[in-house]
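S.K.: Input file: input_13.cif. Contents: mmCIF, C-alpha atoms.
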data_model
loop_
_atom_site.group_PDB
_atom_site.id
_atom_site.type_symbol
_atom_site.label_atom_id
_atom_site.label_comp_id
_atom_site.auth_asym_id
_atom_site.auth_seq_id
_atom_site.Cartn_x
_atom_site.Cartn_y
_atom_site.Cartn_z
ATOM 1 C CA MET A 1 -12.574 8.782 14.292
ATOM 2 C CA PRO A 2 -8.982 7.538 14.292
ATOM 3 C CA ASP A 3 -9.686 5.066 17.113
ATOM 4 C CA ALA A 4 -12.629 3.404 15.352
ATOM 5 C CA PRO A 5 -12.092 -0.267 14.472
ATOM 6 C CA LYS A 6 -11.898 -1.183 10.789
ATOM 7 C CA HIS A 7 -14.968 -3.440 10.821
ATOM 8 C CA VAL A 8 -17.197 -0.455 11.604
ATOM 9 C CA ARG A 9 -16.339 1.136 8.264
ATOM 10 C CA ARG A 10 -17.150 -2.082 6.382
ATOM 11 C CA VAL A 11 -20.715 -1.975 7.680
ATOM 12 C CA TYR A 12 -21.402 1.175 5.680
ATOM 13 C CA LEU A 13 -19.973 -0.153 2.402
ATOM 14 C CA LEU A 14 -23.113 -1.785 0.931
ATOM 15 C CA SER A 15 -25.412 1.043 1.976
ATOM 16 C CA ILE A 16 -23.079 3.668 0.472
ATOM 17 C CA ILE A 17 -22.874 1.672 -2.766
ATOM 18 C CA HIS A 18 -26.680 1.455 -2.847
ATOM 19 C CA LEU A 19 -27.062 5.164 -2.241
ATOM 20 C CA LEU A 20 -24.527 6.124 -4.914
ATOM 21 C CA VAL A 21 -25.940 3.740 -7.540
ATOM 22 C CA SER A 22 -29.485 4.911 -6.774
ATOM 23 C CA LEU A 23 -28.544 8.561 -7.139
ATOM 24 C CA MET A 24 -26.564 7.798 -10.295
ATOM 25 C CA SER A 25 -29.570 6.102 -11.877
ATOM 26 C CA MET A 26 -31.836 8.992 -10.862
ATOM 27 C CA ILE A 27 -29.457 11.417 -12.563
ATOM 28 C CA GLY A 28 -29.621 9.120 -15.574
ATOM 29 C CA MET A 29 -33.395 9.423 -15.640
ATOM 30 C CA ILE A 30 -33.326 13.214 -15.365
ATOM 31 C CA ALA A 31 -30.426 14.119 -17.667
ATOM 32 C CA LEU A 32 -31.092 13.311 -21.316
ATOM 33 C CA LYS A 33 -27.466 12.641 -22.262
ATOM 34 C CA LEU A 34 -27.086 10.177 -19.383
ATOM 35 C CA SER A 35 -30.290 8.253 -20.039
ATOM 36 C CA PHE A 36 -28.374 4.956 -20.318
ATOM 37 C CA LEU A 37 -27.761 5.192 -16.548
ATOM 38 C CA GLY A 38 -31.495 5.079 -15.903
ATOM 39 C CA VAL A 39 -31.524 1.385 -16.839
ATOM 40 C CA VAL A 40 -29.761 0.657 -13.551
ATOM 41 C CA TRP A 41 -32.978 1.524 -11.682
ATOM 42 C CA GLY A 42 -34.547 -1.801 -12.678
ATOM 43 C CA PHE A 43 -31.631 -3.673 -11.154
ATOM 44 C CA ILE A 44 -31.912 -1.616 -7.981
ATOM 45 C CA MET A 45 -35.578 -2.545 -7.732
ATOM 46 C CA LEU A 46 -34.617 -6.232 -8.014
ATOM 47 C CA ALA A 47 -31.798 -5.942 -5.479
ATOM 48 C CA ASP A 48 -34.172 -4.289 -2.993
ATOM 49 C CA LEU A 49 -36.790 -6.997 -3.355
ATOM 50 C CA PRO A 50 -38.178 -6.955 0.204
ATOM 51 C CA ILE A 51 -38.465 -3.158 -0.047
ATOM 52 C CA SER A 52 -39.508 -2.687 -3.667
ATOM 53 C CA PRO A 53 -43.086 -4.111 -3.595
ATOM 54 C CA VAL A 54 -44.163 -1.032 -1.635
ATOM 55 C CA ALA A 55 -42.528 1.154 -4.269
ATOM 56 C CA TYR A 56 -44.304 -0.746 -7.055
ATOM 57 C CA LEU A 57 -47.674 -0.138 -5.387
ATOM 58 C CA VAL A 58 -47.045 3.537 -4.705
ATOM 59 C CA ALA A 59 -45.397 4.310 -8.062
ATOM 60 C CA TRP A 60 -48.654 4.281 -10.034
ATOM 61 C CA LYS A 61 -49.763 7.578 -8.489
ATOM 62 C CA TYR A 62 -46.719 9.005 -6.719
ATOM 63 C CA SER A 63 -43.548 8.153 -8.615
ATOM 64 C CA TRP A 64 -41.404 10.609 -6.639
ATOM 65 C CA LEU A 65 -42.507 8.981 -3.387
ATOM 66 C CA ALA A 66 -41.638 5.526 -4.736
ATOM 67 C CA ALA A 67 -38.191 6.722 -5.808
ATOM 68 C CA LEU A 68 -37.615 8.337 -2.432
ATOM 69 C CA TRP A 69 -38.763 5.121 -0.731
ATOM 70 C CA ILE A 70 -36.279 3.028 -2.691
ATOM 71 C CA ILE A 71 -33.402 5.430 -2.088
ATOM 72 C CA VAL A 72 -33.951 5.975 1.646
ATOM 73 C CA VAL A 73 -35.458 2.699 2.837
ATOM 74 C CA GLY A 74 -33.380 0.616 0.418
ATOM 75 C CA THR A 75 -30.190 2.193 1.756
ATOM 76 C CA LEU A 76 -31.367 1.526 5.301
ATOM 77 C CA TRP A 77 -32.173 -2.079 4.281
ATOM 78 C CA TRP A 78 -28.617 -2.661 3.034
ATOM 79 C CA TYR A 79 -27.231 -1.105 6.206
ATOM 80 C CA LEU A 80 -29.309 -3.466 8.362
ATOM 81 C CA LEU A 81 -28.227 -6.455 6.249
ATOM 82 C CA SER A 82 -24.590 -5.468 6.760
ATOM 83 C CA ARG A 83 -25.121 -5.099 10.497
ATOM 84 C CA GLY A 84 -26.742 -8.538 10.616
ATOM 85 C CA VAL A 85 -23.831 -10.140 8.789
ATOM 86 C CA GLU A 86 -21.408 -8.358 11.123
ATOM 87 C CA PHE A 87 -23.360 -9.653 14.129
ATOM 88 C CA ILE A 88 -23.227 -13.233 12.853
ATOM 89 C CA PHE A 89 -19.495 -12.972 12.117
ATOM 90 C CA ASP A 90 -18.882 -11.565 15.598
ATOM 91 C CA ILE A 91 -20.694 -14.527 17.145
ATOM 92 C CA PHE A 92 -18.450 -17.000 15.338
ATOM 93 C CA LYS A 93 -15.321 -14.899 15.796
ATOM 94 C CA ASP A 94 -15.647 -14.689 19.588
ATOM 95 C CA ARG A 95 -15.946 -18.418 20.251
ATOM 96 C CA GLY A 96 -12.515 -18.603 21.892
ATOM 97 C CA THR A 97 -9.526 -20.814 21.267
ATOM 98 C CA VAL A 98 -9.731 -24.244 19.672
ATOM 99 C CA ALA A 99 -9.266 -27.121 22.147
ATOM 100 C CA GLN A 100 -7.677 -29.456 19.597
ATOM 101 C CA PRO A 101 -6.311 -28.463 16.182
ATOM 102 C CA LEU A 102 -7.978 -29.856 13.103
ATOM 103 C CA ILE A 103 -4.693 -31.177 11.694
ATOM 104 C CA PRO A 104 -2.171 -32.466 14.263
ATOM 105 C CA ARG A 105 1.297 -30.870 14.126
ATOM 106 C CA GLY A 106 3.217 -33.999 13.119
ATOM 107 C CA ASP A 107 0.842 -34.903 10.294
ATOM 108 C CA VAL A 108 0.757 -31.766 8.146
ATOM 109 C CA ASP A 109 0.866 -33.365 4.692
ATOM 110 C CA GLY A 110 -0.958 -36.595 5.468
ATOM 111 C CA PRO A 111 0.287 -40.097 6.304
ATOM 112 C CA ASP A 112 1.559 -40.926 2.785
ATOM 113 C CA ARG A 113 3.469 -37.709 2.155
ATOM 114 C CA GLN A 114 5.695 -37.640 5.262
ATOM 115 C CA ASN A 115 5.892 -33.821 5.373
ATOM 116 C CA THR A 116 7.741 -33.504 2.051
ATOM 117 C CA GLY A 117 4.911 -31.905 0.125
ATOM 118 C CA ARG A 118 5.043 -34.653 -2.510
ATOM 119 C CA TRP A 119 2.834 -37.710 -2.650
ATOM 120 C CA ARG A 120 4.815 -40.974 -2.663
ATOM 121 C CA GLY A 121 2.041 -43.385 -3.548
ATOM 122 C CA ARG A 122 1.338 -44.898 -6.952
ATOM 123 C CA MET A 123 -0.598 -42.921 -9.537
ATOM 124 C CA GLY A 124 -3.519 -44.588 -11.285
#
Have the structure of the file written as structure tokens, please.
M.R.:
Amino acid sequence: MPDAPKHVRRVYLLSIIHLLVSLMSMIGMIALKLSFLGVVWGFIMLADLPISPVAYLVAWKYSWLAALWIIVVGTLWWYLLSRGVEFIFDIFKDRGTVAQPLIPRGDVDGPDRQNTGRWRGRMG
């Protein structure tokens, strides 16, 4: 995809991070020498708060299903959040040109500075 715009790739960033951290913590739970990575799972459950209550309910009987829920649906959740943020940014980005600039051209530094970059008033 050489013609794809750069903002499309940014949409996948949070979901890829979620997927990689989730898989890393699962490896930490399975491998005994990497058990310190399993602690990350608690943080993933907090980060996926709208998704994780379902996993908490299911985990009592079917822990593998709860883990699969967090990995798959949590990754989808972060993708949808990224798409929503992109949509909001696109709304504000496409508003057109500004009718009047916020700072007029002749008054860049303010009335007391006279475009020198230094304030000429009294201190204190």
S.K.: Counting all atoms listed in the file, what is within 8 Å of Met26 in chain A, bar same-chain residues fewer than 2 positions away, as a ChimeraX atom specification?
M.R.: /A:22-24,28-30,37-38,41
S.K.: Measuring atom to atom with only C-alpha atoms, identify which of A:Lys93, A:Arg9, A:Ser15, A:Ala31 is nearest to Tyr79 in chain A.
M.R.: A:Ser15
S.K.: Can you turn the PyMOL selection byres ((chain A and resi 47) around 12) into a concrete residue list for this file, as a ChimeraX atom specification?
M.R.: /A:14,18,21-22,40-46,48-53,70-71,74-75,77-78
S.K.: Please identify all polymer residues within 7 Å of Trp69 in chain A, counting all atoms listed in the file, omitting same-chain residues fewer than 4 positions from it, and present them as a short mmCIF file (atom, residue, chain, number, x, y, z; two decimals) with C-alpha atoms, keeping the file's coordinate frame.
M.R.:
data_model
loop_
_atom_site.label_atom_id
_atom_site.label_comp_id
_atom_site.auth_asym_id
_atom_site.auth_seq_id
_atom_site.Cartn_x
_atom_site.Cartn_y
_atom_site.Cartn_z
CA ALA A 55 -42.53 1.15 -4.27
CA LEU A 65 -42.51 8.98 -3.39
CA VAL A 73 -35.46 2.70 2.84
#
S.K.: Can you tell me, as JSON, the centre and edge lengths (Å, one decimal) of the axis-aligned box enclosing all of range 58-70 of chain A's listed atoms after padding each side by 3 Å?
M.R.:
{"center_x": -43.0, "center_y": 6.8, "center_z": -5.4, "size_x": 19.5, "size_y": 13.6, "size_z": 15.3}
S.K.: Between CA of Leu20 in chain A and CA of Lys33 in chain A, measure the distance and give it in Å to one decimal.
M.R.: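 It comes out at 18.8 Å.
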S.K.: Report, in Å with one decimal, the straight-line distance from CA of Ala67 in chain A to CA of Arg10 in chain A.
M.R.: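 A separation of 25.9 Å between them.
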S.K.: Could you tell me how far CA of Leu34 in chain A lies from CA of Val72 in chain A, in Å and to one decimal?
M.R.: 22.5 Å
S.K.: For Ala66 in chain A, find every residue with an atom within 8 Å (counting all atoms listed in the file), except residues of its own chain fewer than 5 positions away, and show them as a list in words.
M.R.: Val54, Ala55, Tyr56, Val58 and Ala59 of chain A
S.K.: How about completing range 62-79 of chain A with N, CA and C atoms and giving it to me as a compact mmCIF listing (two decimals), keeping the file's coordinate frame?
M.R.:
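Once written, result-v4.txt looks like this:
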# COMPACT_ATOMS: atom_id res chain seq x y z
N TYR A 62 -47.73 8.10 -7.27
CA TYR A 62 -46.72 9.01 -6.72
C TYR A 62 -45.33 8.45 -7.02
N SER A 63 -44.84 8.71 -8.21
CA SER A 63 -43.55 8.15 -8.62
C SER A 63 -42.40 8.73 -7.81
N TRP A 64 -42.48 10.00 -7.43
CA TRP A 64 -41.40 10.61 -6.64
C TRP A 64 -41.34 9.98 -5.26
N LEU A 65 -42.49 9.62 -4.70
CA LEU A 65 -42.51 8.98 -3.39
C LEU A 65 -41.93 7.57 -3.46
N ALA A 66 -42.20 6.87 -4.55
CA ALA A 66 -41.64 5.53 -4.74
C ALA A 66 -40.12 5.59 -4.89
N ALA A 67 -39.64 6.57 -5.64
CA ALA A 67 -38.19 6.72 -5.81
C ALA A 67 -37.54 7.09 -4.49
N LEU A 68 -38.15 7.96 -3.74
CA LEU A 68 -37.62 8.34 -2.43
C LEU A 68 -37.63 7.15 -1.47
N TRP A 69 -38.67 6.34 -1.55
CA TRP A 69 -38.76 5.12 -0.73
C TRP A 69 -37.61 4.17 -1.03
N ILE A 70 -37.35 3.94 -2.31
CA ILE A 70 -36.28 3.03 -2.69
C ILE A 70 -34.93 3.58 -2.26
N ILE A 71 -34.70 4.86 -2.44
CA ILE A 71 -33.40 5.43 -2.09
C ILE A 71 -33.18 5.40 -0.58
N VAL A 72 -34.14 5.86 0.19
CA VAL A 72 -33.95 5.98 1.65
C VAL A 72 -34.09 4.62 2.34
N VAL A 73 -35.21 3.95 2.13
CA VAL A 73 -35.46 2.70 2.84
C VAL A 73 -34.57 1.57 2.28
N GLY A 74 -34.29 1.61 0.99
CA GLY A 74 -33.38 0.62 0.42
C GLY A 74 -31.97 0.75 0.97
N THR A 75 -31.50 1.97 1.15
CA THR A 75 -30.19 2.19 1.76
C THR A 75 -30.18 1.72 3.20
N LEU A 76 -31.25 2.01 3.92
CA LEU A 76 -31.37 1.53 5.30
C LEU A 76 -31.41 0.00 5.33
N TRP A 77 -32.09 -0.62 4.37
CA TRP A 77 -32.17 -2.08 4.28
C TRP A 77 -30.79 -2.69 4.12
N TRP A 78 -29.96 -2.13 3.24
CA TRP A 78 -28.62 -2.66 3.03
C TRP A 78 -27.73 -2.43 4.25
N TYR A 79 -27.97 -1.33 4.97
CA TYR A 79 -27.23 -1.10 6.21
C TYR A 79 -27.59 -2.16 7.25
